[in-house]
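Have a look at query-v1.tsv below; it lists TSV, C-alpha atoms.
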chain	number	residue	atom	x	y	z
A	58	MET	CA	55.67	-132.02	-97.90
A	59	PHE	CA	56.76	-135.21	-99.63
A	60	GLU	CA	57.73	-133.70	-103.00
A	61	ASP	CA	60.53	-131.33	-101.99
A	62	ARG	CA	64.16	-132.25	-101.31
A	63	VAL	CA	63.99	-135.40	-103.47
A	64	THR	CA	67.31	-137.26	-103.44
A	65	GLU	CA	69.39	-136.70	-106.59
A	66	PHE	CA	70.36	-140.04	-108.12
A	67	LYS	CA	73.77	-138.86	-109.30
A	68	LYS	CA	74.71	-137.20	-106.02
A	69	PRO	CA	77.75	-138.87	-104.36
A	70	LEU	CA	77.06	-140.08	-100.81
A	71	ALA	CA	78.92	-140.51	-97.52
A	72	VAL	CA	78.83	-144.28	-96.92
A	73	LEU	CA	79.93	-146.47	-94.01
A	74	VAL	CA	80.41	-150.22	-94.64
A	75	ILE	CA	80.19	-152.58	-91.64
A	76	GLU	CA	81.22	-155.95	-93.07
A	77	ASP	CA	83.54	-158.56	-91.50
A	78	THR	CA	84.00	-160.77	-94.59
A	79	HIS	CA	87.22	-159.56	-96.19
A	80	VAL	CA	86.23	-160.38	-99.78
A	81	ASP	CA	82.89	-158.57	-99.63
A	82	ARG	CA	84.37	-155.61	-97.77
A	83	HIS	CA	87.15	-155.27	-100.37
A	84	MET	CA	84.65	-155.50	-103.27
A	85	LEU	CA	82.48	-152.76	-101.76
A	86	GLU	CA	85.49	-150.55	-101.06
A	87	THR	CA	86.64	-150.93	-104.66
A	88	MET	CA	83.24	-150.32	-106.26
A	89	LEU	CA	82.31	-147.40	-103.98
A	90	ALA	CA	85.69	-145.67	-103.75
A	91	PRO	CA	85.43	-141.85	-103.95
A	92	SER	CA	87.40	-142.04	-107.21
A	93	THR	CA	84.34	-143.68	-108.85
A	94	GLY	CA	82.24	-140.59	-108.15
A	95	LEU	CA	79.66	-142.62	-106.22
A	96	THR	CA	80.78	-141.48	-102.76
A	97	THR	CA	82.22	-138.38	-101.15
A	98	ARG	CA	83.54	-140.40	-98.25
A	99	LEU	CA	83.81	-144.16	-97.74
A	100	VAL	CA	84.86	-145.95	-94.55
A	101	ALA	CA	84.83	-149.73	-94.09
A	102	VAL	CA	85.10	-151.56	-90.72
A	103	ALA	CA	84.74	-155.19	-89.59
A	104	SER	CA	82.62	-154.93	-86.40
A	105	LEU	CA	79.56	-153.15	-85.05
A	106	LYS	CA	81.61	-151.57	-82.27
A	107	GLU	CA	83.98	-150.00	-84.79
A	108	GLY	CA	81.04	-148.82	-86.85
A	109	MET	CA	79.42	-147.15	-83.82
A	110	GLU	CA	82.67	-145.39	-82.98
A	111	ILE	CA	83.00	-144.08	-86.54
A	112	LEU	CA	79.37	-142.87	-86.57
A	113	ALA	CA	79.97	-141.04	-83.29
A	114	ALA	CA	82.83	-139.11	-84.87
A	115	GLN	CA	81.59	-138.57	-88.46
A	116	ASP	CA	78.32	-138.05	-90.31
A	117	PHE	CA	77.20	-140.63	-92.86
A	118	GLU	CA	74.11	-140.76	-95.03
A	119	VAL	CA	73.98	-144.54	-95.60
A	120	VAL	CA	75.31	-147.57	-93.73
A	121	ILE	CA	75.79	-150.93	-95.45
A	122	LEU	CA	75.36	-153.46	-92.62
A	123	ASP	CA	76.28	-157.13	-92.47
A	124	LEU	CA	74.07	-159.03	-90.02
A	125	ASP	CA	76.69	-161.69	-89.22
A	126	LEU	CA	79.35	-159.74	-87.31
A	127	PRO	CA	81.82	-161.01	-84.72
A	128	ASP	CA	80.33	-158.82	-81.95
A	129	SER	CA	76.66	-158.73	-82.99
A	130	ARG	CA	74.26	-160.86	-85.03
A	131	GLY	CA	70.96	-160.63	-86.86
A	132	GLU	CA	68.19	-158.30	-85.77
A	133	GLN	CA	70.24	-157.15	-82.76
A	134	SER	CA	72.75	-155.36	-85.00
A	135	LEU	CA	70.08	-153.51	-86.96
A	136	LYS	CA	68.12	-152.45	-83.87
A	137	ALA	CA	71.26	-151.20	-82.12
A	138	LEU	CA	72.17	-149.10	-85.13
A	139	ARG	CA	68.67	-147.63	-85.43
A	140	LYS	CA	68.48	-146.87	-81.72
A	141	HIS	CA	71.73	-144.94	-81.52
A	142	TYR	CA	71.73	-143.38	-85.01
A	143	PRO	CA	68.09	-143.05	-86.16
A	144	GLY	CA	68.92	-140.49	-88.83
A	145	VAL	CA	71.03	-142.76	-91.04
A	146	ALA	CA	69.65	-144.93	-93.87
A	147	ILE	CA	70.51	-148.64	-93.52
A	148	VAL	CA	71.08	-151.15	-96.32
A	149	VAL	CA	71.45	-154.74	-95.10
A	150	ASN	CA	74.07	-156.89	-96.84
A	151	THR	CA	72.67	-160.46	-96.80
A	152	GLY	CA	74.26	-163.75	-97.80
A	153	ALA	CA	73.50	-165.60	-101.01
A	154	TYR	CA	70.00	-167.12	-101.13
A	155	GLU	CA	68.90	-165.06	-98.12
A	156	ASP	CA	66.28	-162.97	-99.90
A	157	ASP	CA	63.65	-163.96	-97.30
A	158	LEU	CA	65.93	-162.66	-94.55
A	159	GLY	CA	66.42	-159.48	-96.55
A	160	LEU	CA	62.66	-158.93	-96.66
A	161	LYS	CA	62.45	-159.46	-92.90
A	162	THR	CA	65.02	-156.74	-92.32
A	163	LEU	CA	62.67	-154.21	-93.92
A	164	GLY	CA	60.26	-154.96	-91.09
A	165	TRP	CA	63.08	-154.50	-88.59
A	166	GLY	CA	63.76	-151.00	-89.83
A	167	ALA	CA	66.17	-151.30	-92.76
A	168	GLN	CA	65.50	-149.18	-95.84
A	169	ASP	CA	66.72	-151.81	-98.35
A	170	PHE	CA	68.84	-154.96	-98.70
A	171	MET	CA	71.23	-156.47	-101.24
A	172	VAL	CA	72.79	-159.91	-101.72
A	173	LYS	CA	76.51	-160.48	-101.27
A	174	GLY	CA	78.48	-161.22	-104.40
A	175	LYS	CA	75.82	-159.82	-106.73
A	176	TYR	CA	77.16	-156.28	-106.79
A	177	THR	CA	77.14	-154.00	-109.83
A	178	ALA	CA	78.12	-150.37	-109.84
A	179	TYR	CA	74.70	-149.31	-111.08
A	180	GLY	CA	72.86	-151.61	-108.68
A	181	LEU	CA	74.87	-150.37	-105.70
A	182	ASN	CA	74.29	-146.74	-106.59
A	183	LYS	CA	70.56	-147.32	-107.11
A	184	THR	CA	70.19	-149.25	-103.85
A	185	LEU	CA	71.97	-146.59	-101.79
A	186	HIS	CA	69.98	-143.72	-103.28
A	187	TYR	CA	66.67	-145.57	-103.01
A	188	ALA	CA	67.45	-146.34	-99.36
A	189	LEU	CA	68.25	-142.70	-98.66
A	190	GLU	CA	65.04	-141.54	-100.33
A	191	ARG	CA	62.96	-144.13	-98.44
A	192	LYS	CA	64.52	-142.90	-95.20
A	193	ARG	CA	63.64	-139.33	-96.04
A	194	LEU	CA	60.05	-140.28	-96.85
A	195	GLU	CA	59.75	-142.39	-93.69
A	196	ASP	CA	60.92	-139.46	-91.58
A	197	ALA	CA	58.52	-137.12	-93.37
A	198	LEU	CA	55.67	-139.58	-92.80
A	199	LYS	CA	56.49	-139.85	-89.09
A	200	GLU	CA	56.54	-136.08	-88.83
A	201	ALA	CA	53.21	-135.84	-90.64
A	202	TYR	CA	51.69	-138.45	-88.31
A	203	ALA	CA	52.98	-136.57	-85.26
A	204	ARG	CA	51.47	-133.35	-86.63
A	205	LEU	CA	48.18	-135.16	-87.25
A	206	GLN	CA	48.12	-136.36	-83.64
A	207	ARG	CA	48.86	-132.85	-82.36
A	208	THR	CA	46.16	-131.40	-84.59
A	209	GLN	CA	43.68	-134.01	-83.38
A	210	HIS	CA	44.52	-133.13	-79.78
A	211	GLN	CA	44.09	-129.43	-80.52
A	212	LEU	CA	40.71	-130.08	-82.13
A	213	ILE	CA	39.59	-132.04	-79.08
A	214	GLN	CA	40.74	-129.20	-76.83
A	215	SER	CA	38.99	-126.70	-79.09
A	216	GLU	CA	35.73	-128.61	-78.75
A	217	LYS	CA	36.18	-128.65	-74.98
A	218	LEU	CA	36.63	-124.88	-75.04
A	219	LYS	CA	33.44	-124.46	-77.04
A	220	VAL	CA	31.50	-126.63	-74.60
A	221	VAL	CA	32.85	-124.78	-71.58
A	222	GLY	CA	32.23	-121.44	-73.30
A	223	GLY	CA	28.61	-122.38	-73.88
A	224	LEU	CA	28.27	-123.53	-70.29
A	225	ALA	CA	29.83	-120.32	-69.04
A	226	THR	CA	27.33	-118.17	-70.93
A	227	GLY	CA	24.40	-120.12	-69.52
A	228	VAL	CA	25.82	-120.17	-66.01
A	229	ALA	CA	26.50	-116.43	-66.10
A	230	HIS	CA	22.86	-115.63	-66.86
A	231	GLU	CA	21.19	-118.32	-64.76
A	232	VAL	CA	23.36	-118.24	-61.64
A	233	LYS	CA	25.00	-114.83	-61.18
A	234	ASN	CA	21.70	-113.02	-60.61
A	235	PRO	CA	20.44	-115.48	-57.93
A	236	LEU	CA	23.84	-115.30	-56.24
A	237	ALA	CA	23.63	-111.51	-56.15
A	238	THR	CA	20.18	-111.79	-54.56
A	239	ILE	CA	21.47	-114.21	-51.92
A	240	LEU	CA	24.45	-111.97	-51.15
A	241	TYR	CA	22.21	-108.92	-50.85
A	242	GLY	CA	19.82	-110.83	-48.56
A	243	ILE	CA	22.60	-111.99	-46.24
A	244	THR	CA	24.01	-108.44	-46.02
A	245	PHE	CA	20.53	-107.10	-45.22
A	246	LEU	CA	19.94	-109.69	-42.48
A	247	LYS	CA	23.33	-109.04	-40.89
A	248	GLU	CA	22.55	-105.35	-40.63
A	249	HIS	CA	19.03	-105.78	-39.23
A	250	ILE	CA	19.38	-108.66	-36.77
A	251	LYS	CA	19.88	-106.99	-33.43
A	252	GLU	CA	21.02	-110.06	-31.53
A	253	ARG	CA	24.79	-110.37	-32.00
A	254	ASP	CA	25.04	-114.11	-31.49
A	255	GLU	CA	28.55	-115.22	-32.56
A	256	LYS	CA	27.25	-118.45	-34.12
A	257	ILE	CA	24.75	-116.54	-36.25
A	258	VAL	CA	27.42	-114.05	-37.34
A	259	CYS	CA	29.73	-116.95	-38.22
A	260	VAL	CA	27.01	-118.64	-40.30
A	261	PHE	CA	26.35	-115.39	-42.18
A	262	GLN	CA	30.05	-114.97	-42.88
A	263	ASN	CA	30.31	-118.56	-44.15
A	264	ILE	CA	27.36	-118.02	-46.46
A	265	GLN	CA	28.84	-114.77	-47.79
A	266	GLU	CA	32.18	-116.45	-48.41
A	267	ALA	CA	30.53	-119.39	-50.21
A	268	VAL	CA	28.54	-117.03	-52.44
A	269	ARG	CA	31.64	-114.97	-53.28
A	270	ARG	CA	33.54	-118.16	-54.10
A	271	ALA	CA	30.76	-119.35	-56.41
A	272	ASP	CA	30.73	-115.93	-58.08
A	273	THR	CA	34.52	-116.12	-58.57
A	274	ILE	CA	34.21	-119.51	-60.24
A	275	ILE	CA	31.61	-118.12	-62.63
A	276	THR	CA	33.88	-115.17	-63.44
A	277	ASP	CA	36.70	-117.64	-64.10
A	278	LEU	CA	34.45	-119.54	-66.48
A	279	LEU	CA	33.68	-116.31	-68.34
A	280	ASP	CA	37.39	-115.53	-68.60
A	281	PHE	CA	38.08	-119.07	-69.77
A	282	SER	CA	35.48	-118.85	-72.51
A	283	GLY	CA	37.07	-115.65	-73.79
A	284	LEU	CA	34.00	-113.51	-73.17
A	285	SER	CA	35.97	-110.82	-71.33
A	286	HIS	CA	37.50	-107.98	-73.34
A	287	PHE	CA	41.26	-107.57	-73.54
A	288	LYS	CA	42.93	-104.15	-73.24
A	289	MET	CA	46.29	-104.54	-74.95
A	290	ARG	CA	49.03	-102.07	-74.06
A	291	ARG	CA	52.82	-101.91	-74.23
A	292	GLN	CA	53.91	-103.50	-70.93
A	293	ASP	CA	57.21	-104.09	-69.16
A	294	VAL	CA	57.46	-107.85	-68.51
A	295	HIS	CA	59.83	-107.38	-65.56
A	296	GLY	CA	57.43	-104.90	-63.98
A	297	LEU	CA	54.57	-107.39	-64.24
A	298	LEU	CA	56.70	-110.10	-62.62
A	299	GLU	CA	57.58	-107.82	-59.70
A	300	LYS	CA	53.91	-106.96	-59.26
A	301	ALA	CA	52.95	-110.66	-59.29
A	302	LEU	CA	55.58	-111.32	-56.60
A	303	SER	CA	54.19	-108.52	-54.43
A	304	LEU	CA	50.65	-109.90	-54.83
A	305	THR	CA	51.79	-113.37	-53.73
A	306	ARG	CA	54.20	-112.22	-51.00
A	307	TYR	CA	51.95	-113.46	-48.20
A	308	GLN	CA	51.90	-117.03	-49.54
A	309	ILE	CA	55.64	-116.93	-50.30
A	310	ASP	CA	56.48	-115.82	-46.76
A	311	LYS	CA	53.97	-118.19	-45.19
A	312	ASN	CA	55.62	-121.18	-46.93
A	313	HIS	CA	59.16	-119.91	-46.17
A	314	ILE	CA	60.07	-119.84	-49.88
A	315	ARG	CA	63.29	-118.26	-51.12
A	316	VAL	CA	62.83	-116.19	-54.30
A	317	GLY	CA	65.55	-115.88	-56.94
A	318	ARG	CA	65.64	-113.66	-60.03
A	319	GLU	CA	67.63	-114.11	-63.23
A	320	PHE	CA	66.28	-111.31	-65.40
A	321	TRP	CA	67.39	-110.34	-68.89
A	322	PRO	CA	69.78	-107.39	-68.52
A	323	GLU	CA	67.57	-105.07	-70.61
A	324	PRO	CA	63.85	-104.23	-70.32
A	325	ILE	CA	61.50	-106.56	-72.22
A	326	TYR	CA	58.32	-105.11	-73.68
A	327	ALA	CA	55.29	-106.97	-75.02
A	328	SER	CA	51.75	-106.07	-76.05
A	329	LEU	CA	49.69	-107.35	-73.11
A	330	ASP	CA	46.53	-106.90	-71.09
A	331	ALA	CA	48.21	-106.18	-67.75
A	332	ASN	CA	45.31	-107.42	-65.61
A	333	LYS	CA	44.98	-110.68	-67.52
A	334	MET	CA	48.73	-111.32	-67.52
A	335	ASP	CA	48.81	-110.56	-63.77
A	336	GLN	CA	46.30	-113.38	-63.40
A	337	VAL	CA	48.55	-115.78	-65.32
A	338	LEU	CA	51.75	-114.89	-63.44
A	339	VAL	CA	50.07	-114.95	-60.04
A	340	ASN	CA	48.57	-118.34	-60.81
A	341	LEU	CA	51.95	-119.78	-61.85
A	342	ILE	CA	53.64	-118.44	-58.72
A	343	LEU	CA	50.86	-119.68	-56.42
A	344	ASN	CA	51.00	-123.12	-58.05
A	345	ALA	CA	54.73	-123.19	-57.29
A	346	CYS	CA	54.03	-122.14	-53.69
A	347	HIS	CA	51.42	-124.86	-53.26
A	348	ALA	CA	53.99	-127.40	-54.46
A	349	MET	CA	56.38	-126.25	-51.68
A	350	PRO	CA	54.27	-126.17	-48.47
A	351	ASP	CA	57.37	-126.73	-46.32
A	352	GLY	CA	59.65	-124.27	-48.10
A	353	GLY	CA	61.90	-124.37	-51.14
A	354	ASP	CA	63.28	-122.22	-53.92
A	355	LEU	CA	61.29	-120.23	-56.46
A	356	LEU	CA	63.26	-118.95	-59.46
A	357	LEU	CA	61.98	-116.42	-62.00
A	358	LYS	CA	63.98	-116.12	-65.22
A	359	THR	CA	63.49	-113.99	-68.32
A	360	GLU	CA	65.23	-114.32	-71.68
A	361	VAL	CA	64.93	-112.97	-75.21
A	362	HIS	CA	65.37	-115.40	-78.11
A	363	CYS	CA	65.45	-115.20	-81.88
A	364	LEU	CA	63.75	-118.43	-82.94
A	365	ASP	CA	65.61	-120.72	-85.31
A	366	GLU	CA	64.05	-123.31	-87.62
A	367	ARG	CA	64.22	-126.04	-84.96
A	368	PHE	CA	62.97	-123.83	-82.09
A	369	SER	CA	66.13	-124.80	-80.19
A	370	GLY	CA	65.59	-124.92	-76.44
A	371	MET	CA	61.81	-124.62	-76.90
A	372	PRO	CA	60.66	-127.61	-78.96
A	373	PHE	CA	57.12	-127.23	-77.62
A	374	LEU	CA	56.75	-124.16	-79.87
A	375	GLY	CA	56.75	-126.51	-82.87
A	376	GLU	CA	53.15	-127.38	-81.98
A	377	GLN	CA	52.06	-123.73	-82.09
A	378	GLU	CA	50.91	-121.78	-85.15
A	379	ASN	CA	51.77	-118.34	-83.74
A	380	PHE	CA	55.55	-118.71	-83.91
A	381	ARG	CA	57.94	-118.66	-86.85
A	382	PRO	CA	61.72	-118.87	-87.37
A	383	GLY	CA	63.43	-115.48	-87.06
A	384	GLN	CA	60.81	-114.15	-84.63
A	385	GLN	CA	61.91	-112.36	-81.44
A	386	VAL	CA	60.22	-113.79	-78.35
A	387	ALA	CA	60.42	-113.33	-74.61
A	388	ARG	CA	60.52	-116.39	-72.38
A	389	VAL	CA	59.47	-116.20	-68.73
A	390	VAL	CA	60.43	-119.27	-66.70
A	391	VAL	CA	58.93	-120.05	-63.28
A	392	GLU	CA	60.80	-122.87	-61.53
A	393	ASP	CA	60.17	-124.50	-58.18
A	394	THR	CA	61.81	-127.23	-56.12
A	395	GLY	CA	58.52	-128.75	-55.03
A	396	VAL	CA	56.88	-132.13	-55.51
A	397	GLY	CA	56.64	-131.86	-59.30
A	398	ILE	CA	53.81	-133.13	-61.49
A	399	LYS	CA	52.91	-136.79	-61.84
A	400	GLU	CA	53.99	-138.00	-65.28
A	401	GLU	CA	50.50	-139.30	-66.03
A	402	ASP	CA	49.08	-135.85	-65.20
A	403	LEU	CA	51.41	-133.76	-67.39
A	404	ALA	CA	49.21	-134.16	-70.47
A	405	ARG	CA	46.08	-133.19	-68.48
A	406	VAL	CA	47.15	-130.21	-66.38
A	407	PHE	CA	45.61	-127.73	-68.84
A	408	ASP	CA	42.32	-129.63	-69.16
A	409	PRO	CA	39.31	-127.72	-67.77
A	410	PHE	CA	38.40	-128.83	-64.21
A	411	PHE	CA	41.43	-131.10	-63.84
A	412	THR	CA	43.16	-130.51	-60.50
A	413	SER	CA	45.33	-132.40	-58.03
A	414	ARG	CA	44.11	-130.10	-55.24
A	415	ARG	CA	40.37	-130.77	-55.31
A	416	THR	CA	40.36	-131.83	-51.64
A	417	LYS	CA	42.00	-128.48	-50.83
A	418	GLY	CA	39.51	-126.33	-52.69
A	419	GLY	CA	40.95	-126.40	-56.21
A	420	VAL	CA	38.46	-126.40	-59.09
A	421	GLY	CA	40.90	-127.01	-61.93
A	422	LEU	CA	40.41	-123.79	-63.88
A	423	GLY	CA	43.60	-121.87	-63.03
A	424	LEU	CA	45.93	-123.38	-65.64
A	425	SER	CA	43.16	-123.75	-68.23
A	426	ILE	CA	42.31	-120.07	-67.92
A	427	SER	CA	45.99	-119.11	-67.89
A	428	ARG	CA	46.71	-120.99	-71.13
A	429	ASN	CA	43.61	-119.49	-72.74
A	430	ILE	CA	44.75	-115.98	-71.76
A	431	VAL	CA	48.28	-116.63	-73.08
A	432	GLN	CA	46.95	-118.01	-76.36
A	433	MET	CA	44.81	-114.89	-76.80
A	434	HIS	CA	48.08	-112.95	-76.48
A	435	LYS	CA	49.44	-115.15	-79.33
A	436	GLY	CA	51.79	-116.79	-76.85
A	437	CYS	CA	52.45	-120.25	-75.45
A	438	LEU	CA	52.33	-121.71	-71.92
A	439	TRP	CA	54.02	-125.04	-71.24
A	440	LEU	CA	54.79	-127.10	-68.12
A	441	GLU	CA	57.42	-129.76	-67.50
A	442	ASN	CA	59.14	-131.50	-64.61
A	443	ARG	CA	62.71	-130.58	-63.69
A	444	SER	CA	65.23	-133.43	-63.68
A	445	GLU	CA	66.48	-132.13	-60.30
A	446	GLY	CA	62.97	-132.24	-58.84
A	447	GLY	CA	60.11	-129.76	-58.94
A	448	ALA	CA	58.41	-128.24	-61.97
A	449	ARG	CA	59.14	-125.59	-64.57
A	450	ALA	CA	56.62	-123.37	-66.40
A	451	HIS	CA	57.56	-121.70	-69.71
A	452	LEU	CA	55.64	-118.61	-70.79
A	453	VAL	CA	56.63	-117.47	-74.28
A	454	LEU	CA	55.33	-114.20	-75.76
A	455	PRO	CA	56.10	-112.16	-78.90
A	456	VAL	CA	58.42	-109.25	-78.16
A	457	MET	CA	57.09	-105.80	-78.97
A	458	GLU	CA	59.52	-104.02	-81.29
A	459	ASP	CA	60.73	-100.51	-80.35

Exercise: express the given structure as structure tokens:
Amino acid sequence: MFEDRVTEFKKPLAVLVIEDTHVDRHMLETMLAPSTGLTTRLVAVASLKEGMEILAAQDFEVVILDLDLPDSRGEQSLKALRKHYPGVAIVVNTGAYEDDLGLKTLGWGAQDFMVKGKYTAYGLNKTLHYALERKRLEDALKEAYARLQRTQHQLIQSEKLKVVGGLATGVAHEVKNPLATILYGITFLKEHIKERDEKIVCVFQNIQEAVRRADTIITDLLDFSGLSHFKMRRQDVHGLLEKALSLTRYQIDKNHIRVGREFWPEPIYASLDANKMDQVLVNLILNACHAMPDGGDLLLKTEVHCLDERFSGMPFLGEQENFRPGQQVARVVVEDTGVGIKEEDLARVFDPFFTSRRTKGGVGLGLSISRNIVQMHKGCLWLENRSEGGARAHLVLPVMED
């Protein structure tokens, strides 16, 4: 990672000089003029404001920055420049005998410093190229650290999945059989008790419902642990969405929710297990409905994208190993105008057994299972809050070629 794209020392650079002292600015302009071969473009200004305006209009690789400007001084100038233009390398131009200050600027975010009046053509060229290379390495190091953190998080999640998978196997064997016995016993008693007391009938029904609910949770655990088999077939994504809407129509109508569709103009096909993907889509739609108990708007969108190197529009794909630049993918978006997700909960919504609806019967497996199903389809499921209010789910899947 760190060896490729090394800066070429003889390569001319695009340089911006922000220096208010006329003598020093003139010396730098003379020594770094494009005619010297050291720069492709050189612009010199006398204030931070002018420098910011130039950077907004043109791209530069290196900025030579004086810390004693008429409109900004010291650390403030450097931090402002880094905040608004983090991609540019910064070389601080310090006064004579200010080497200690120069060292401090490295801690503030500068890539290098030089002392006014002690310029040489070779020294300037070396300083600018070293600063640019340090900037490149710093960016690469930050990217590597971010990847390390993501990998660590994925490993933690993987361990969670293993634990839950082990639990699911044990629960399936130890609990499903007793539940079946209880359910059979209740059915037998209901059929053989002659007295039709409404209270007794109600108790039997409550017991049956509780047993079925417990059995459903166990089945969900089995699905989550990946123990169920997948039957992959060529499926029409739009058809699956329409089916999911029909399955959730009762809840949609009950909550007085308006449904909108913005579908890709052509059919989208993907290799899917229809039953499993039904489960994912139904869960996403029901989550949106639960977030809008008093009504709102539900929007379903589909798009086809050819991924570029930066995963434009879908930066969350950068954390996934299943996607690559040039790949054709389908994106299904489920948007609602509900209450949204608490910011502190966004990082936890896919954790097993995490739920904001525990008091209303939620067990916190719906999104965990859904993401697990999507990952087994070599896809990605991601949630975010909408700036206008409500939440947005992104489901990204590889497109099946004709």

**Item:** Between atom CA of A:Ile75 and atom CA of A:Arg191, distance in Å (one decimal)
**Value:**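 That distance, rounded to one decimal, is 20.4 Å.
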
**Asked** Mind pulling up the distance from atom CA of A:Ala146 to atom CA of A:Leu126?
**Response**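 Atom CA of A:Ala146 lies at a distance of 18.9 Å from atom CA of A:Leu126.
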
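Of the listed residues (A:Gln385, A:Asn344, A:Asn182, A:Thr238), A:Asn344 comes nearest to A:Gly447; the distances count only C-alpha atoms.
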
**Fill in**
Min atom-atom distance to A:Lys183 from the set A:Asp169, A:Glu458, A:Glu195, A:Asp365, counting all atoms listed in the file, belongs to A:Asp169

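Nearest residue to A:Met349, choosing from A:Arg306, A:Arg381, A:His362, A:His313 and counting only C-alpha atoms: A:His313.
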
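Minimum atom-to-atom distance to A:Glu132, evaluated using all atoms listed in the file, belongs to A:Ala167 out of A:Leu189, A:Ala331, A:Ala167, A:Ala113.
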
**Message:** Show me the residues close to (53.6, -106.6, -74.4) - anything with an atom within 6 Å, counting all atoms listed in the file - and format the list as a PyMOL selection string.
**Reply:** chain A and resi 291-292+326-329+457

**Request:** Could you check which of A:Ser425, A:Asn442, A:Gln133, A:Gln377 is closest to A:Leu454, using all atoms listed in the file?
**Result:**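 Comparing A:Ser425, A:Asn442, A:Gln133, A:Gln377 against A:Leu454, the winner is A:Gln377.
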
**Item:** Neighbour list for stretch 77-80 of chain A as a list in words, cut-off 10 Å, all atoms listed in the file, skip fewer than 5 positions in-chain
**Value:**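 Contacts, with the query itself left out: Leu85, Glu86, Ala101, Val102, Ala103, Ser104, Leu105, Leu122, Asp123, Leu124, Asp125, Leu126, Pro127, Lys173 and Gly174 of chain A.
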
**Asked** For A:Met88, which residue among A:Val119, A:Val72, A:Ala345, A:Ala114 is the nearest when counting all atoms listed in the file?
**Response**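 Going through A:Val119, A:Val72, A:Ala345, A:Ala114 one by one, the smallest distance to A:Met88 is for A:Val72.
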
**Message:** So the first atom is atom CA of A:Leu99 and the second is atom CA of A:Ala178; what is the distance between them in Å, to one decimal place?
**Reply:**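 Separating atom CA of A:Leu99 from atom CA of A:Ala178 is a distance of 14.7 Å.
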
**Message:** I'd like the neighbourhood of A:Leu452 as an MDAnalysis selection string, where a residue qualifies if any of its atoms comes within 7 Å (using all atoms listed in the file), though same-chain residues fewer than 6 positions away should be ignored.
**Reply:** chainID A and resid 388:390 437:439

Got a sec to check which residues sit within 12 Å of (63.1, -157.9, -90.7), counting all atoms listed in the file, and write them as a PDB file with C-alpha atoms, in the coordinates of the input?
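Writing done, so here's result_3.pdb:
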ATOM      1  CA  LEU A 124      74.070-159.030 -90.020  1.00  0.00           C
ATOM      2  CA  GLY A 131      70.960-160.630 -86.860  1.00  0.00           C
ATOM      3  CA  GLU A 132      68.190-158.300 -85.770  1.00  0.00           C
ATOM      4  CA  GLN A 133      70.240-157.150 -82.760  1.00  0.00           C
ATOM      5  CA  SER A 134      72.750-155.360 -85.000  1.00  0.00           C
ATOM      6  CA  LEU A 135      70.080-153.510 -86.960  1.00  0.00           C
ATOM      7  CA  LYS A 136      68.120-152.450 -83.870  1.00  0.00           C
ATOM      8  CA  VAL A 148      71.080-151.150 -96.320  1.00  0.00           C
ATOM      9  CA  VAL A 149      71.450-154.740 -95.100  1.00  0.00           C
ATOM     10  CA  THR A 151      72.670-160.460 -96.800  1.00  0.00           C
ATOM     11  CA  GLU A 155      68.900-165.060 -98.120  1.00  0.00           C
ATOM     12  CA  ASP A 156      66.280-162.970 -99.900  1.00  0.00           C
ATOM     13  CA  ASP A 157      63.650-163.960 -97.300  1.00  0.00           C
ATOM     14  CA  LEU A 158      65.930-162.660 -94.550  1.00  0.00           C
ATOM     15  CA  GLY A 159      66.420-159.480 -96.550  1.00  0.00           C
ATOM     16  CA  LEU A 160      62.660-158.930 -96.660  1.00  0.00           C
ATOM     17  CA  LYS A 161      62.450-159.460 -92.900  1.00  0.00           C
ATOM     18  CA  THR A 162      65.020-156.740 -92.320  1.00  0.00           C
ATOM     19  CA  LEU A 163      62.670-154.210 -93.920  1.00  0.00           C
ATOM     20  CA  GLY A 164      60.260-154.960 -91.090  1.00  0.00           C
ATOM     21  CA  TRP A 165      63.080-154.500 -88.590  1.00  0.00           C
ATOM     22  CA  GLY A 166      63.760-151.000 -89.830  1.00  0.00           C
ATOM     23  CA  ALA A 167      66.170-151.300 -92.760  1.00  0.00           C
ATOM     24  CA  GLN A 168      65.500-149.180 -95.840  1.00  0.00           C
ATOM     25  CA  ASP A 169      66.720-151.810 -98.350  1.00  0.00           C
ATOM     26  CA  PHE A 170      68.840-154.960 -98.700  1.00  0.00           C
TER      27      PHE A 170
END

**Request:** Find the spatial neighbours of A:Phe373, counting only C-alpha atoms, within a cut-off of 12 Å - ignore same-chain residues fewer than 3 positions away - and output them as a list of chain:residue names.
**Result:**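 Close residues of A:Phe373: A:Arg207, A:Arg367, A:Phe368, A:Ser369, A:Gly370, A:Glu376, A:Gln377, A:Glu378, A:Phe380, A:Gly436, A:Cys437, A:Leu438, A:Trp439, A:Leu440, A:Glu441, A:Ala450, A:His451, A:Leu452, A:Val453.
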
Would you place a box with edges along x, y and z of the file around all atoms of stretch 81-87 of chain A listed there, add 8 Å to each of its six sides, and report the centre and edge lengths in Å to one decimal, as JSON?
{"center_x": 84.8, "center_y": -154.6, "center_z": -101.2, "size_x": 20.7, "size_y": 24.0, "size_z": 22.9}

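The list of residues with at least one atom within 6 Å of A:Val391, based on all atoms listed in the file and without residues fewer than 2 positions apart in the same chain, reads Leu356, Leu357, Arg449 and Ala450 of chain A.
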
**Message:** Need to verify the contact set: A:Leu338, 8 Å, all atoms listed in the file, exclusion of same-chain residues closer than 4 positions in sequence. Can you return it as a PyMOL selection string?
**Reply:** chain A and resi 298+301+334+342

Print the selection's residues with C-alpha atoms to a file, as a CSV table (one decimal), keeping the file's coordinate frame.
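Wrote again30.csv, looks like this:
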chain,number,residue,atom,x,y,z
A,298,LEU,CA,56.7,-110.1,-62.6
A,301,ALA,CA,53.0,-110.7,-59.3
A,334,MET,CA,48.7,-111.3,-67.5
A,342,ILE,CA,53.6,-118.4,-58.7
